[in-house]
>>> print(open('upload.tsv').read())   # TSV, C-alpha atoms
chain	number	residue	atom	x	y	z
A	1	MET	CA	-42.71	17.46	16.83
A	2	VAL	CA	-44.88	14.46	15.94
A	3	ARG	CA	-45.55	13.75	19.62
A	4	PHE	CA	-46.47	17.38	20.17
A	5	GLU	CA	-48.99	17.34	17.29
A	6	ILE	CA	-50.59	14.13	18.58
A	7	LYS	CA	-50.74	15.55	22.09
A	8	LYS	CA	-52.52	18.66	20.80
A	9	VAL	CA	-55.18	16.53	19.13
A	10	LEU	CA	-55.80	14.17	22.04
A	11	SER	CA	-55.64	16.82	24.78
A	12	ARG	CA	-58.57	18.75	23.35
A	13	THR	CA	-62.04	18.10	24.71
A	14	GLY	CA	-63.17	17.09	21.24
A	15	GLY	CA	-60.30	14.61	20.97
A	16	LYS	CA	-61.17	12.97	24.28
A	17	ILE	CA	-64.83	12.72	23.30
A	18	ALA	CA	-63.83	11.15	19.98
A	19	LEU	CA	-61.80	8.47	21.77
A	20	LEU	CA	-64.72	7.67	24.06
A	21	LEU	CA	-67.01	7.47	21.03
A	22	LEU	CA	-64.57	5.07	19.37
A	23	LEU	CA	-64.58	2.82	22.43
A	24	ALA	CA	-68.37	3.01	22.64
A	25	LEU	CA	-68.60	2.08	18.96
A	26	VAL	CA	-66.47	-1.03	19.53
A	27	LEU	CA	-68.59	-2.12	22.49
A	28	LEU	CA	-71.80	-1.46	20.55
A	29	GLU	CA	-70.65	-3.66	17.67
A	30	CYS	CA	-69.69	-6.36	20.17
A	31	SER	CA	-73.22	-6.31	21.54
A	32	PHE	CA	-74.58	-6.85	18.03
A	33	ALA	CA	-72.30	-9.87	17.64
A	34	PHE	CA	-73.65	-11.47	20.83
A	35	ASP	CA	-77.28	-11.64	19.75
A	36	GLY	CA	-77.59	-15.41	19.43
A	37	THR	CA	-80.30	-17.59	20.96
A	38	TYR	CA	-80.17	-21.10	22.38
A	39	VAL	CA	-83.28	-23.14	23.18
A	40	ASN	CA	-82.95	-26.10	25.55
A	41	SER	CA	-84.80	-29.40	25.31
A	42	GLU	CA	-87.71	-27.99	27.34
A	43	GLY	CA	-88.23	-25.05	24.97
A	44	VAL	CA	-86.70	-22.43	27.28
A	45	SER	CA	-84.65	-19.76	25.47
A	46	THR	CA	-81.33	-18.25	26.48
A	47	HIS	CA	-80.05	-15.13	24.74
A	48	GLY	CA	-76.77	-13.28	24.29
A	49	ILE	CA	-73.44	-14.45	25.68
A	50	ALA	CA	-75.08	-17.15	27.81
A	51	ALA	CA	-76.30	-18.83	24.61
A	52	VAL	CA	-72.84	-19.13	23.03
A	53	ARG	CA	-71.44	-22.14	24.88
A	54	PRO	CA	-74.42	-24.56	24.59
A	55	LEU	CA	-75.02	-23.59	20.93
A	56	ARG	CA	-71.36	-24.09	20.15
A	57	ALA	CA	-71.40	-27.52	21.78
A	58	GLU	CA	-74.41	-28.59	19.70
A	59	GLN	CA	-72.98	-27.41	16.39
A	60	LYS	CA	-69.54	-28.92	16.99
A	61	LYS	CA	-71.14	-32.37	16.95
A	62	TRP	CA	-71.67	-31.98	13.21
A	63	GLU	CA	-68.18	-30.82	12.25
A	64	GLY	CA	-66.33	-32.60	9.47
A	65	LEU	CA	-66.16	-32.98	5.72
A	66	LEU	CA	-69.40	-31.72	4.21
A	67	ASP	CA	-69.62	-34.45	1.58
A	68	GLU	CA	-72.63	-36.25	0.11
A	69	GLN	CA	-72.80	-38.67	3.02
A	70	ARG	CA	-72.84	-35.89	5.62
A	71	ILE	CA	-75.43	-33.90	3.67
A	72	ALA	CA	-77.67	-36.99	3.49
A	73	GLN	CA	-77.15	-37.47	7.22
A	74	VAL	CA	-78.21	-33.89	7.97
A	75	ILE	CA	-81.29	-34.17	5.74
A	76	GLY	CA	-82.16	-37.46	7.42
A	77	GLU	CA	-81.87	-35.83	10.84
A	78	LEU	CA	-84.19	-33.01	9.76
A	79	ASN	CA	-86.66	-35.57	8.40
A	80	ARG	CA	-86.54	-37.47	11.69
A	81	ILE	CA	-87.21	-34.31	13.72
A	82	GLU	CA	-90.07	-33.29	11.42
A	83	SER	CA	-91.69	-36.70	11.91
A	84	LEU	CA	-91.91	-36.28	15.70
A	85	PRO	CA	-95.24	-35.33	17.32
A	86	GLU	CA	-93.90	-31.98	18.56
A	87	ALA	CA	-93.11	-30.91	14.98
A	88	LYS	CA	-96.74	-31.41	13.97
A	89	SER	CA	-98.11	-29.53	16.95
A	90	GLU	CA	-99.18	-25.88	16.83
A	91	ASP	CA	-98.35	-25.35	20.50
A	92	LEU	CA	-95.68	-22.68	20.96
A	93	ILE	CA	-93.70	-24.76	23.45
A	94	ASP	CA	-93.67	-27.72	21.06
A	95	GLU	CA	-92.47	-25.42	18.28
A	96	GLU	CA	-89.60	-24.25	20.48
A	97	ILE	CA	-88.69	-27.84	21.35
A	98	THR	CA	-88.65	-28.74	17.66
A	99	TYR	CA	-86.40	-25.76	16.98
A	100	SER	CA	-84.06	-26.82	19.80
A	101	ARG	CA	-83.56	-30.24	18.19
A	102	LYS	CA	-82.39	-28.61	14.93
A	103	GLN	CA	-79.83	-26.30	16.51
A	104	GLY	CA	-76.90	-28.65	15.98
A	105	VAL	CA	-77.45	-28.65	12.21
A	106	SER	CA	-78.85	-25.11	11.99
A	107	ALA	CA	-75.82	-23.64	10.16
A	108	ILE	CA	-75.77	-26.49	7.62
A	109	ARG	CA	-79.54	-26.22	7.31
A	110	LEU	CA	-79.15	-22.61	6.14
A	111	LEU	CA	-76.74	-23.79	3.44
A	112	LEU	CA	-79.29	-26.36	2.31
A	113	ASN	CA	-81.88	-23.60	1.96
A	114	CYS	CA	-79.45	-21.71	-0.28
A	115	SER	CA	-78.40	-24.69	-2.39
A	116	TYR	CA	-81.84	-26.14	-3.09
A	117	ALA	CA	-83.62	-22.82	-3.66
A	118	THR	CA	-85.88	-22.54	-6.69
A	119	GLY	CA	-83.97	-19.49	-7.94
A	120	PHE	CA	-80.56	-17.90	-7.45
A	121	ARG	CA	-81.99	-15.02	-5.43
A	122	ASP	CA	-84.73	-17.00	-3.68
A	123	TYR	CA	-84.63	-18.16	-0.07
A	124	ASP	CA	-87.11	-20.35	1.80
A	125	TYR	CA	-86.36	-20.85	5.49
A	126	TYR	CA	-88.37	-24.10	5.64
A	127	LEU	CA	-87.07	-25.63	2.41
A	128	ALA	CA	-84.47	-27.88	4.07
A	129	ASP	CA	-87.19	-29.62	6.10
A	130	SER	CA	-88.79	-31.00	2.93
A	131	LEU	CA	-85.66	-32.46	1.28
A	132	THR	CA	-84.86	-36.16	0.98
A	133	PRO	CA	-81.44	-37.85	1.52
A	134	GLU	CA	-81.40	-38.85	-2.17
A	135	GLN	CA	-81.03	-35.18	-3.08
A	136	ALA	CA	-77.72	-34.90	-1.21
A	137	LYS	CA	-75.71	-35.47	-4.41
A	138	ASP	CA	-77.01	-32.15	-5.80
A	139	PHE	CA	-75.76	-29.97	-2.94
A	140	TYR	CA	-72.67	-28.54	-4.67
A	141	PRO	CA	-73.84	-28.80	-8.32
A	142	ASN	CA	-76.93	-26.75	-7.40
A	143	ARG	CA	-74.76	-23.75	-6.57
A	144	ILE	CA	-73.36	-23.64	-10.09
A	145	ARG	CA	-76.67	-24.57	-11.72
A	146	LEU	CA	-78.56	-21.73	-10.05
A	147	LEU	CA	-75.85	-19.24	-11.05
A	148	LYS	CA	-75.96	-20.32	-14.69
A	149	ALA	CA	-79.75	-20.11	-14.75
A	150	TRP	CA	-79.65	-16.62	-13.23
A	151	LEU	CA	-77.02	-15.39	-15.69
A	152	ALA	CA	-79.04	-16.78	-18.60
A	153	GLY	CA	-82.30	-15.30	-17.35
A	154	GLU	CA	-82.77	-12.46	-14.89
A	155	ALA	CA	-79.17	-11.18	-15.14
A	156	LYS	CA	-78.59	-11.79	-18.85
A	157	ASP	CA	-78.20	-8.05	-19.58
A	158	GLN	CA	-76.17	-7.21	-16.48
A	159	PHE	CA	-72.96	-8.95	-17.54
A	160	SER	CA	-71.05	-9.49	-20.76
A	161	ASP	CA	-70.34	-13.02	-22.02
A	162	GLU	CA	-66.77	-12.76	-20.69
A	163	GLU	CA	-68.01	-11.68	-17.27
A	164	LYS	CA	-70.52	-14.53	-17.16
A	165	GLN	CA	-67.77	-17.02	-18.00
A	166	PHE	CA	-65.59	-15.47	-15.31
A	167	LEU	CA	-68.27	-15.87	-12.63
A	168	ILE	CA	-69.00	-19.47	-13.60
A	169	ALA	CA	-65.27	-20.28	-13.58
A	170	ARG	CA	-64.89	-18.81	-10.09
A	171	TYR	CA	-67.81	-20.90	-8.85
A	172	GLU	CA	-66.39	-24.04	-10.41
A	173	ALA	CA	-62.95	-23.30	-8.88
A	174	LEU	CA	-64.28	-23.73	-5.32
A	175	GLU	CA	-62.77	-26.90	-3.83
A	176	THR	CA	-65.57	-29.28	-2.90
A	177	PRO	CA	-66.52	-30.99	-0.74
A	178	PHE	CA	-65.28	-28.52	1.84
A	179	SER	CA	-65.06	-29.00	5.58
A	180	TYR	CA	-67.61	-27.54	7.94
A	181	ALA	CA	-66.85	-26.45	11.49
A	182	TYR	CA	-68.56	-24.24	14.04
A	183	ASN	CA	-67.67	-20.74	12.79
A	184	GLU	CA	-70.08	-18.37	14.51
A	185	GLY	CA	-67.18	-16.37	15.97
A	186	TRP	CA	-65.73	-15.56	12.54
A	187	SER	CA	-69.14	-15.15	10.92
A	188	GLN	CA	-70.28	-12.64	13.52
A	189	LEU	CA	-66.94	-10.85	13.49
A	190	LEU	CA	-67.12	-10.33	9.73
A	191	TYR	CA	-70.71	-9.17	10.13
A	192	VAL	CA	-69.89	-6.45	12.70
A	193	LEU	CA	-66.51	-5.44	11.24
A	194	ASP	CA	-68.19	-3.78	8.25
A	195	PRO	CA	-70.25	-1.23	10.23
A	196	LEU	CA	-67.23	-0.53	12.43
A	197	ASN	CA	-65.12	0.14	9.33
A	198	ALA	CA	-67.86	2.30	7.83
A	199	THR	CA	-68.33	4.44	10.94
A	200	MET	CA	-64.79	4.69	12.27
A	201	PRO	CA	-63.52	7.03	9.51
A	202	ILE	CA	-65.97	9.68	10.69
A	203	ILE	CA	-64.34	9.70	14.14
A	204	LEU	CA	-60.80	9.46	12.77
A	205	CYS	CA	-61.39	12.28	10.29
A	206	PHE	CA	-62.81	14.43	13.06
A	207	LEU	CA	-59.59	13.91	15.01
A	208	VAL	CA	-57.22	14.79	12.15
A	209	ALA	CA	-59.32	17.62	10.69
A	210	GLY	CA	-57.77	20.24	12.95
A	211	ILE	CA	-54.13	19.23	12.55
A	212	PHE	CA	-53.53	21.53	9.58
A	213	SER	CA	-56.20	24.15	10.17
A	214	GLY	CA	-55.40	24.56	13.87
A	215	GLU	CA	-52.76	27.25	13.39
A	216	PHE	CA	-55.16	29.38	11.35
A	217	THR	CA	-57.99	28.88	13.85
A	218	THR	CA	-55.83	30.01	16.78
A	219	LYS	CA	-54.20	32.79	14.70
A	220	ALA	CA	-50.80	31.21	15.29
A	221	ASP	CA	-50.05	30.77	11.59
A	222	ALA	CA	-47.67	33.76	11.47
A	223	VAL	CA	-45.54	32.25	14.22
A	224	PHE	CA	-45.70	28.79	12.67
A	225	TYR	CA	-44.55	29.83	9.20
A	226	SER	CA	-41.90	32.26	10.43
A	227	ALA	CA	-40.22	29.56	12.54
A	228	ARG	CA	-37.04	27.97	11.20
A	229	TYR	CA	-38.64	24.62	10.41
A	230	GLY	CA	-42.17	25.90	9.92
A	231	ARG	CA	-42.40	25.16	6.22
A	232	ASN	CA	-40.58	21.82	6.19
A	233	LYS	CA	-40.08	19.66	9.28
A	234	ALA	CA	-43.13	21.05	11.06
A	235	VAL	CA	-45.36	20.27	8.06
A	236	THR	CA	-43.90	16.77	7.85
A	237	ALA	CA	-44.56	16.29	11.57
A	238	LYS	CA	-48.21	17.21	11.10
A	239	LEU	CA	-48.52	14.74	8.23
A	240	LYS	CA	-46.86	11.97	10.24
A	241	ALA	CA	-49.08	12.71	13.23
A	242	GLY	CA	-52.22	12.37	11.12
A	243	VAL	CA	-51.12	9.09	9.55
A	244	LEU	CA	-49.94	7.70	12.89
A	245	LEU	CA	-53.17	8.62	14.67
A	246	THR	CA	-55.25	7.00	11.94
A	247	THR	CA	-53.11	3.84	11.89
A	248	VAL	CA	-52.84	3.27	15.64
A	249	LEU	CA	-56.45	4.09	16.48
A	250	TYR	CA	-57.87	2.08	13.59
A	251	PHE	CA	-55.96	-1.09	14.41
A	252	ALA	CA	-56.50	-0.63	18.15
A	253	ALA	CA	-60.27	-0.49	17.65
A	254	ALA	CA	-60.48	-3.23	14.98
A	255	LEU	CA	-58.22	-5.64	16.85
A	256	LEU	CA	-60.00	-4.98	20.15
A	257	LEU	CA	-63.32	-5.81	18.49
A	258	SER	CA	-61.82	-8.96	16.96
A	259	ALA	CA	-60.29	-10.11	20.24
A	260	ILE	CA	-63.52	-9.65	22.21
A	261	VAL	CA	-65.76	-11.35	19.63
A	262	LEU	CA	-63.45	-14.33	19.04
A	263	THR	CA	-62.80	-14.77	22.76
A	264	VAL	CA	-66.51	-14.87	23.58
A	265	MET	CA	-67.83	-16.61	20.45
A	266	GLY	CA	-64.84	-18.88	19.80
A	267	ALA	CA	-62.22	-18.84	17.04
A	268	ASP	CA	-63.20	-22.25	15.66
A	269	GLY	CA	-63.71	-22.64	11.92
A	270	ALA	CA	-61.10	-20.15	10.74
A	271	ASP	CA	-60.11	-22.49	7.88
A	272	CYS	CA	-63.67	-22.89	6.62
A	273	PRO	CA	-64.31	-21.28	3.23
A	274	ILE	CA	-66.56	-18.25	3.35
A	275	GLN	CA	-69.07	-20.36	1.38
A	276	ALA	CA	-69.57	-22.39	4.59
A	277	THR	CA	-71.70	-19.50	5.88
A	278	ARG	CA	-75.08	-18.50	4.56
A	279	SER	CA	-73.90	-14.94	3.88
A	280	GLY	CA	-70.87	-16.11	1.91
A	281	TRP	CA	-72.52	-19.03	0.07
A	282	LYS	CA	-72.84	-17.07	-3.21
A	283	SER	CA	-69.48	-15.29	-3.03
A	284	LEU	CA	-67.22	-15.49	-6.08
A	285	TYR	CA	-64.12	-15.18	-3.86
A	286	ASN	CA	-62.81	-18.61	-2.80
A	287	TRP	CA	-61.15	-17.59	0.46
A	288	LYS	CA	-61.08	-18.85	4.02
A	289	LEU	CA	-62.83	-17.02	6.84
A	290	TRP	CA	-59.57	-15.89	8.42
A	291	GLN	CA	-58.43	-14.54	5.05
A	292	ALA	CA	-61.68	-12.60	4.70
A	293	TRP	CA	-61.05	-11.13	8.16
A	294	LEU	CA	-57.52	-10.04	7.24
A	295	LEU	CA	-58.85	-8.53	4.06
A	296	GLY	CA	-61.50	-6.72	6.09
A	297	LEU	CA	-58.81	-5.26	8.35
A	298	LEU	CA	-56.72	-4.12	5.40
A	299	GLY	CA	-59.72	-2.74	3.52
A	300	GLY	CA	-60.94	-0.85	6.56
A	301	TYR	CA	-57.49	0.61	7.16
A	302	VAL	CA	-56.90	1.69	3.56
A	303	GLY	CA	-60.38	3.24	3.43
A	304	SER	CA	-59.85	5.07	6.73
A	305	LEU	CA	-56.40	6.25	5.72
A	306	PHE	CA	-57.65	7.59	2.39
A	307	LEU	CA	-60.48	9.54	4.02
A	308	SER	CA	-58.15	10.87	6.72
A	309	LEU	CA	-55.65	12.06	4.12
A	310	LEU	CA	-58.43	13.63	2.07
A	311	THR	CA	-59.66	15.39	5.20
A	312	MET	CA	-56.16	16.69	5.92
A	313	LEU	CA	-55.80	17.92	2.34
A	314	ILE	CA	-59.05	19.88	2.52
A	315	SER	CA	-58.06	21.20	5.94
A	316	ALA	CA	-54.69	22.34	4.60
A	317	ALA	CA	-56.21	23.93	1.50
A	318	THR	CA	-59.27	25.64	3.03
A	319	ARG	CA	-57.86	26.41	6.50
A	320	SER	CA	-61.23	25.25	7.84
A	321	THR	CA	-61.85	22.39	10.22
A	322	VAL	CA	-65.60	22.47	9.64
A	323	ILE	CA	-65.37	22.09	5.85
A	324	SER	CA	-62.88	19.23	6.10
A	325	VAL	CA	-65.08	17.32	8.59
A	326	VAL	CA	-68.00	17.28	6.13
A	327	VAL	CA	-66.05	15.03	3.72
A	328	PRO	CA	-66.11	11.76	5.73
A	329	PHE	CA	-69.80	12.22	6.52
A	330	ALA	CA	-70.61	12.57	2.83
A	331	ALA	CA	-68.38	9.64	1.86
A	332	ALA	CA	-69.86	7.44	4.59
A	333	PHE	CA	-73.54	8.06	3.89
A	334	LEU	CA	-73.56	8.69	0.13
A	335	PRO	CA	-73.54	4.95	-0.74
A	336	SER	CA	-76.68	4.36	1.32
A	337	PHE	CA	-78.58	6.87	-0.84
A	338	LEU	CA	-76.99	5.75	-4.10
A	339	SER	CA	-77.30	1.98	-4.01
A	340	GLN	CA	-77.88	-0.17	-7.08
A	341	THR	CA	-79.47	1.85	-9.88
A	342	ASN	CA	-79.77	-0.97	-12.47
A	343	VAL	CA	-77.70	1.25	-14.77
A	344	VAL	CA	-74.61	-0.87	-15.39
A	345	TRP	CA	-72.02	1.90	-15.86
A	346	LEU	CA	-73.36	3.91	-12.90
A	347	ASP	CA	-73.38	0.86	-10.62
A	348	LYS	CA	-69.76	0.15	-11.57
A	349	LEU	CA	-68.90	3.73	-10.65
A	350	LEU	CA	-70.73	3.51	-7.32
A	351	TYR	CA	-68.89	0.30	-6.47
A	352	LEU	CA	-65.66	2.35	-6.51
A	353	LEU	CA	-66.75	4.58	-3.63
A	354	PRO	CA	-64.38	4.28	-0.63
A	355	MET	CA	-67.02	2.81	1.67
A	356	ASN	CA	-67.17	-0.28	-0.56
A	357	LEU	CA	-63.55	-0.88	0.37
A	358	SER	CA	-64.20	-0.40	4.07
A	359	SER	CA	-67.28	-2.68	3.91
A	360	THR	CA	-65.18	-5.59	2.67
A	361	TRP	CA	-67.48	-8.41	3.82
A	362	THR	CA	-70.35	-6.83	1.90
A	363	THR	CA	-68.17	-6.33	-1.18
A	364	LEU	CA	-67.08	-9.97	-1.02
A	365	ARG	CA	-70.71	-10.91	-1.59
A	366	THR	CA	-71.34	-8.64	-4.60
A	367	PHE	CA	-70.81	-9.38	-8.29
A	368	SER	CA	-69.04	-6.14	-9.20
A	369	LEU	CA	-66.66	-6.74	-12.12
A	370	TYR	CA	-64.39	-4.58	-14.29
A	371	ARG	CA	-62.46	-5.10	-17.52
A	372	ILE	CA	-58.81	-4.04	-17.25
A	373	GLY	CA	-56.32	-4.78	-19.99
A	374	GLY	CA	-58.72	-7.16	-21.66
A	375	ARG	CA	-59.20	-9.17	-18.46
A	376	VAL	CA	-62.20	-9.41	-16.13
A	377	VAL	CA	-61.26	-8.35	-12.60
A	378	PRO	CA	-63.48	-8.36	-9.47
A	379	SER	CA	-63.91	-5.08	-7.63
A	380	LEU	CA	-61.83	-5.72	-4.51
A	381	PRO	CA	-58.40	-5.76	-6.23
A	382	VAL	CA	-59.45	-2.63	-8.13
A	383	LEU	CA	-60.51	-0.86	-4.92
A	384	PHE	CA	-57.25	-1.72	-3.15
A	385	ALA	CA	-55.19	-0.56	-6.12
A	386	VAL	CA	-57.11	2.71	-6.60
A	387	TYR	CA	-57.16	3.84	-2.98
A	388	GLY	CA	-53.68	2.54	-2.22
A	389	ILE	CA	-52.20	4.56	-5.09
A	390	VAL	CA	-54.34	7.65	-4.43
A	391	SER	CA	-53.44	7.61	-0.72
A	392	ALA	CA	-49.74	7.46	-1.57
A	393	CYS	CA	-50.15	10.37	-4.00
A	394	LEU	CA	-52.01	12.49	-1.43
A	395	LEU	CA	-49.05	12.56	0.96
A	396	PRO	CA	-46.78	14.84	-1.16
A	397	VAL	CA	-49.79	16.89	-2.29
A	398	ILE	CA	-50.76	17.70	1.32
A	399	TYR	CA	-47.16	18.60	2.11
A	400	ARG	CA	-46.86	21.00	-0.84
A	401	VAL	CA	-50.27	22.61	-0.32
A	402	TYR	CA	-49.70	23.41	3.36
A	403	ARG	CA	-46.08	24.38	2.91
A	404	LYS	CA	-46.96	27.01	0.30
A	405	GLN	CA	-49.81	28.58	2.23
A	406	GLN	CA	-49.49	32.37	2.31
A	407	LEU	CA	-50.11	34.49	5.35
A	408	LYS	CA	-53.09	36.84	5.18
>>> encode(input="upload.tsv", output="structure tokens")
Amino acid sequence: MVRFEIKKVLSRTGGKIALLLLLALVLLECSFAFDGTYVNSEGVSTHGIAAVRPLRAEQKKWEGLLDEQRIAQVIGELNRIESLPEAKSEDLIDEEITYSRKQGVSAIRLLLNCSYATGFRDYDYYLADSLTPEQAKDFYPNRIRLLKAWLAGEAKDQFSDEEKQFLIARYEALETPFSYAYNEGWSQLLYVLDPLNATMPIILCFLVAGIFSGEFTTKADAVFYSARYGRNKAVTAKLKAGVLLTTVLYFAAALLLSAIVLTVMGADGADCPIQATRSGWKSLYNWKLWQAWLLGLLGGYVGSLFLSLLTMLISAATRSTVISVVVPFAAAFLPSFLSQTNVVWLDKLLYLLPMNLSSTWTTLRTFSLYRIGGRVVPSLPVLFAVYGIVSACLLPVIYRVYRKQQLK
């Protein structure tokens, strides 16, 4: 029965189009991951996949423990490059040559810009070029200092005293000095996994929307419910088919994207903390890049499963494929219209929308906190708990709703 239900979904023209769209989505996200640029010593640029290997070779020269000595060495290298005649020239070719000489330390240079910024939310692309090796000792302390200054100033009304202490404690818990390695493969994968996770539920929900409403659309409901197993095993088969389709297609797409990106960009740097990337520098979660990727997979799956189950519930209750398809669209695009409102309680509510679970890499970089049982808890554990429990509860609800449908 389960195989039959899956076959019905995938044999339809709409089902085949949805699968092609899913594949196209994966390939599109891959293209976004391969948007790097490498400039050779003559100032000639190479873009895309061709830029990966030479850029990787340059950055691997600077791998190792990112301690005070290495930071001073990187700053000294930037000072040396800035002192060369080409760096003082306004000629475009000379500017490109100067840029090419900084490519090996470019990832660390971005971290310097974050660490030595004048404010927690400030960023100056050229800041690292004006540092001195003597400032190397402040690299890690600056991260905590800027957070404390921000919490005491601009964000003083956004968090309670307990929440501020929690954030500072999480920053101080980061093990330093940490190791740096070329990690563009993981960084780019995390970057493109979020939009894949945010868009994929729309396609998956479209596929499962007709599983329960199909019999009413084709006027076969009388035959379905009058059959011997129509109100028990057949309903269970539909439910299993929906869950299986969501599970298999989600992991097939997410793992295919991961395999392509890591194969092309390289899987080096998996053990680097997420703070070893510019995007993750301010994160309160002290995890490795490979752990963030696993969390992204799990978050995307739980979010997709929840929306698929919700779609099936609406389909079973309303007998309409069209109405049930509207749900994932609303859930996917609502967060983009209702971003931060600067109203604390409303922002906390918005952070619980399902797309914040699917967009795990983005959520890892937000300071969304909740108080549960007298303890401060970051949003990700809350999101996993909420949607994991709700998804489990939806299964028997869908079964009962569809089983008790009356013929008209």
>>> closest_residue(input="upload.tsv", among="A:Leu305, A:Ile6, A:Val382, A:Leu352", to="Met200 of chain A", atoms="all atoms listed in the file")
A:Leu305
>>> closest_residue(input="upload.tsv", among="A:Ala237, A:Gly269, A:Leu383, A:Gln291", to="Tyr399 of chain A", atoms="only C-alpha atoms")
A:Ala237
>>> closest_residue(input="upload.tsv", among="A:Ser304, A:Leu25, A:Ile323, A:Phe120", to="Gly388 of chain A", atoms="all atoms listed in the file")
A:Ser304
>>> residues_near_point(input="upload.tsv", point="(-83.5, -31.2, 7.0)", cutoff="12 Å", atoms="all atoms listed in the file", output="ChimeraX atom specification")
/A:70-83,99,101-113,116,125-133,135-136
>>> residues_around(input="upload.tsv", residues="segment 188-194 of chain A", least_positions_apart="5", cutoff="6 Å", atoms="all atoms listed in the file", output="short mmCIF file (atom, residue, chain, number, x, y, z; two decimals) with C-alpha atoms, in the coordinates of the input")
data_model
loop_
_atom_site.label_atom_id
_atom_site.label_comp_id
_atom_site.auth_asym_id
_atom_site.auth_seq_id
_atom_site.Cartn_x
_atom_site.Cartn_y
_atom_site.Cartn_z
CA GLU A 29 -70.65 -3.66 17.67
CA ALA A 33 -72.30 -9.87 17.64
CA SER A 359 -67.28 -2.68 3.91
#
>>> atom_distance(input="upload.tsv", atom1="atom CA of Arg145 of chain A", atom2="atom CA of Gly119 of chain A")
9.7 Å
>>> closest_atom_pairs(input="upload.tsv", of="segment 282-307 of chain A", to="segment 264-268 of chain A", cutoff="12 Å", atoms="only C-alpha atoms", output="JSON lines")
{"residue": "A:Leu289", "atom": "CA", "partner": "A:Asp268", "partner_atom": "CA", "distance": 10.3}
{"residue": "A:Trp290", "atom": "CA", "partner": "A:Ala267", "partner_atom": "CA", "distance": 9.5}
{"residue": "A:Trp293", "atom": "CA", "partner": "A:Ala267", "partner_atom": "CA", "distance": 11.8}
>>> closest_residue(input="upload.tsv", among="A:Arg143, A:Lys238, A:Lys60, A:Lys282", to="Thr362 of chain A", atoms="only C-alpha atoms")
A:Lys282
>>> residues_around(input="upload.tsv", residues="Ile168 of chain A", least_positions_apart="4", cutoff="9 Å", atoms="all atoms listed in the file", output="PyMOL selection string")
chain A and resi 144+147-148+163-164+172-173+284
>>> atom_distance(input="upload.tsv", atom1="atom CA of Tyr301 of chain A", atom2="atom CA of Ile49 of chain A")
28.7 Å
>>> closest_residue(input="upload.tsv", among="A:Ala57, A:Leu92, A:Leu146, A:Val261", to="Asp35 of chain A", atoms="all atoms listed in the file")
A:Val261
>>> atom_distance(input="upload.tsv", atom1="atom CA of Gly303 of chain A", atom2="atom CA of Ala252 of chain A")
15.7 Å
>>> residues_around(input="upload.tsv", residues="Pro396 of chain A", least_positions_apart="3", cutoff="12 Å", atoms="only C-alpha atoms", output="ChimeraX atom specification")
/A:232,235-236,239-240,309,312-313,390-393,399-403
>>> closest_residue(input="upload.tsv", among="A:Arg53, A:Lys348, A:Lys61, A:Arg371", to="Ala181 of chain A", atoms="only C-alpha atoms")
A:Lys61
